[in-house]
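So the structure is just underneath, and the comments pick up after that.
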Amino acid sequence: MLLMLIAAALQTVPTEAQQLEPLACTAQPNFVTRERFPFEGAAFRFSGTVTADSLQPEDFTPFASVALLQQGRPEELSAVLSVQPSTQRRYDVTLRRLINNELRERTIIGRVPTGSVPFEIEITPDRMIVFRLGEVVRRVPLGDFQPDAIVLGCASGSFQFDNLVFAGRS
């Protein structure tokens, strides 16, 4: 009984920010690579920086993505930094929603210069998802979406995810 009370008390206490190991993401041309980080809790903040090391455009546009995933459904909401061949000095920032790996929504929400781009995903206590990529900010209501994993990914190139920090409630 005492263990149950302690566990319940810990679930309402903010956890310390966790520094995660950097992630090198490499995908051959026309392929996607993804790394999944499961989590528990309703409100959190995940941040870092992403930098393109090399780009290999063929049929797929090179991109790096930061996503929230509801594994049991599966539904994904992601912010994607893509580099178009004609605009290699900037990333297009696109918000995408996938359900069962099928693209359901896609909206370009801004542009940021290439280089090292700071990013952050936050789920607020009022059930909003806030994506921040460079100077681009977009708020999206959670609705019935219940994410339980963060997914970092890339396509057609090599990208480095650094300064990764997860801070939340468990």
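Ligands are numbered from 1 in the order shown, residues from 1 within each chain, and chains are lettered A, B, ... in the order they appear in the structure tokens.
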
So that I can see what lies close to Asp59 (chain A), please list as a short mmCIF file (atom, residue, chain, number, x, y, z; two decimals) with C-alpha atoms, in the first residue's frame the residues with an atom at most 12 Å from it, counting only C-alpha atoms and leaving out residues fewer than 5 positions away in the same chain.
data_model
loop_
_atom_site.label_atom_id
_atom_site.label_comp_id
_atom_site.auth_asym_id
_atom_site.auth_seq_id
_atom_site.Cartn_x
_atom_site.Cartn_y
_atom_site.Cartn_z
CA GLN A 28 20.03 6.47 -48.12
CA PRO A 29 18.47 8.35 -51.06
CA ASN A 30 14.71 7.72 -51.23
CA PHE A 31 14.60 6.09 -47.78
CA GLN A 84 14.14 21.82 -51.89
CA PRO A 85 16.79 21.67 -54.66
CA ALA A 155 15.16 11.04 -45.38
CA SER A 156 17.67 11.15 -48.23
#

Please return as a compact mmCIF listing (two decimals) with C-alpha atoms, in the first residue's frame: the residues of region 12-165 of chain A that backbone DSSP assigns to strand (DSSP E or B).
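Below is the file that was written, result_7.txt:
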# COMPACT_ATOMS: atom_id res chain seq x y z
CA PRO A 14 7.71 17.26 -12.30
CA GLN A 18 16.76 14.61 -18.96
CA GLN A 19 19.66 15.25 -21.32
CA LEU A 23 21.37 11.25 -32.53
CA ALA A 24 22.98 10.91 -35.95
CA CYS A 25 20.22 10.13 -38.45
CA THR A 26 21.28 8.83 -41.86
CA ALA A 27 19.02 7.62 -44.65
CA GLN A 28 20.03 6.47 -48.12
CA PRO A 29 18.47 8.35 -51.06
CA ASN A 30 14.71 7.72 -51.23
CA PHE A 31 14.60 6.09 -47.78
CA VAL A 32 13.44 7.24 -44.35
CA THR A 33 15.13 6.44 -41.00
CA ARG A 34 13.30 6.94 -37.69
CA GLU A 35 14.19 6.66 -34.01
CA ARG A 36 11.37 6.31 -31.46
CA PHE A 37 11.49 7.60 -27.86
CA PRO A 38 8.47 6.35 -25.83
CA PHE A 44 6.12 17.82 -21.42
CA ARG A 45 8.70 19.74 -23.42
CA PHE A 46 11.23 18.15 -25.80
CA SER A 47 13.90 20.33 -27.41
CA GLY A 48 17.18 20.26 -29.31
CA THR A 49 18.85 21.36 -32.51
CA VAL A 50 18.98 19.73 -35.93
CA THR A 51 21.69 20.24 -38.53
CA ALA A 52 22.00 18.80 -42.05
CA ASP A 53 25.34 17.06 -42.56
CA SER A 54 24.82 15.88 -46.14
CA LEU A 55 21.88 15.78 -48.55
CA PHE A 63 14.20 16.18 -44.72
CA ALA A 64 14.49 15.95 -40.94
CA SER A 65 11.38 15.47 -38.83
CA VAL A 66 10.32 15.81 -35.21
CA ALA A 67 7.07 13.97 -34.52
CA LEU A 68 4.60 12.89 -31.88
CA LEU A 69 3.22 9.37 -32.31
CA GLN A 70 0.26 7.57 -30.80
CA GLU A 75 -1.36 8.40 -35.64
CA GLU A 76 1.51 10.83 -36.07
CA LEU A 77 1.74 14.61 -36.07
CA SER A 78 5.09 15.89 -37.27
CA ALA A 79 7.01 19.03 -38.10
CA VAL A 80 9.25 18.48 -41.11
CA LEU A 81 12.25 20.54 -42.23
CA SER A 82 12.71 19.85 -45.95
CA ARG A 90 16.32 27.47 -46.34
CA TYR A 91 14.12 24.73 -44.98
CA ASP A 92 10.43 24.62 -45.70
CA VAL A 93 8.71 23.88 -42.38
CA THR A 94 5.71 21.59 -42.94
CA LEU A 95 3.20 20.25 -40.48
CA ARG A 96 2.01 16.74 -41.40
CA ARG A 97 -0.58 14.37 -39.96
CA LEU A 98 -0.30 10.67 -40.81
CA ILE A 99 -2.81 8.00 -39.86
CA GLU A 102 -1.22 7.60 -44.87
CA LEU A 103 -0.78 11.36 -45.29
CA ARG A 104 -4.01 13.04 -44.16
CA GLU A 105 -2.91 16.69 -43.79
CA ARG A 106 0.08 18.67 -45.00
CA THR A 107 0.59 22.41 -44.55
CA ILE A 108 3.69 24.56 -45.04
CA ILE A 109 3.77 26.76 -41.93
CA GLY A 110 6.95 28.73 -42.59
CA ARG A 111 10.59 28.78 -43.63
CA VAL A 112 13.84 28.92 -41.66
CA PRO A 113 17.47 29.32 -42.80
CA VAL A 117 17.92 24.91 -36.29
CA PRO A 118 16.62 24.90 -32.71
CA PHE A 119 13.37 23.00 -32.24
CA GLU A 120 10.92 22.29 -29.46
CA ILE A 121 7.73 20.29 -29.07
CA GLU A 122 5.60 21.09 -26.05
CA ILE A 123 2.35 19.60 -24.88
CA MET A 128 -2.23 22.03 -26.99
CA ILE A 129 0.79 20.91 -29.01
CA VAL A 130 3.23 23.74 -29.64
CA PHE A 131 5.83 23.22 -32.39
CA ARG A 132 8.75 25.67 -32.47
CA LEU A 133 11.31 25.38 -35.28
CA VAL A 136 8.28 29.34 -36.76
CA VAL A 137 5.68 28.56 -34.07
CA ARG A 138 2.43 26.65 -34.54
CA ARG A 139 -0.15 25.65 -31.92
CA VAL A 140 -2.36 22.63 -32.62
CA PRO A 141 -5.16 21.33 -30.35
CA ALA A 149 6.30 8.55 -28.31
CA ILE A 150 8.55 11.18 -29.84
CA VAL A 151 10.00 10.22 -33.21
CA LEU A 152 13.09 11.81 -34.78
CA GLY A 153 13.58 10.98 -38.43
CA CYS A 154 15.28 11.85 -41.68
CA ALA A 155 15.16 11.04 -45.38
CA SER A 156 17.67 11.15 -48.23
CA GLY A 157 20.60 12.46 -46.23
CA SER A 158 22.39 12.75 -42.91
CA PHE A 159 21.16 14.99 -40.10
CA GLN A 160 22.49 15.49 -36.58
CA PHE A 161 20.10 15.97 -33.63
CA ASP A 162 21.97 17.58 -30.71
CA ASN A 163 21.26 19.18 -27.32
CA LEU A 164 18.27 16.87 -26.81
CA VAL A 165 16.38 17.58 -23.58

With distances taken over only C-alpha atoms, the candidate from A:Pro74, A:Asn100, A:Gly41, A:Glu58 nearest Phe166 (chain A) is A:Gly41

The distance between CA of Gly134 (chain A) and CA of Ser116 (chain A) is 9.0 Å

Expressed in Å, the length from CA of Pro125 (chain A) to CA of Leu142 (chain A) is 10.7 Å

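Of the residues listed (A:Thr87, A:Gln146, A:Asn101, A:Thr124), A:Gln146 shows the shortest atom-to-atom separation from Glu40 (chain A); distances use only C-alpha atoms.
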
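In this model, the gap between CA of Pro62 (chain A) and CA of Ala167 (chain A) comes to 29.1 Å.
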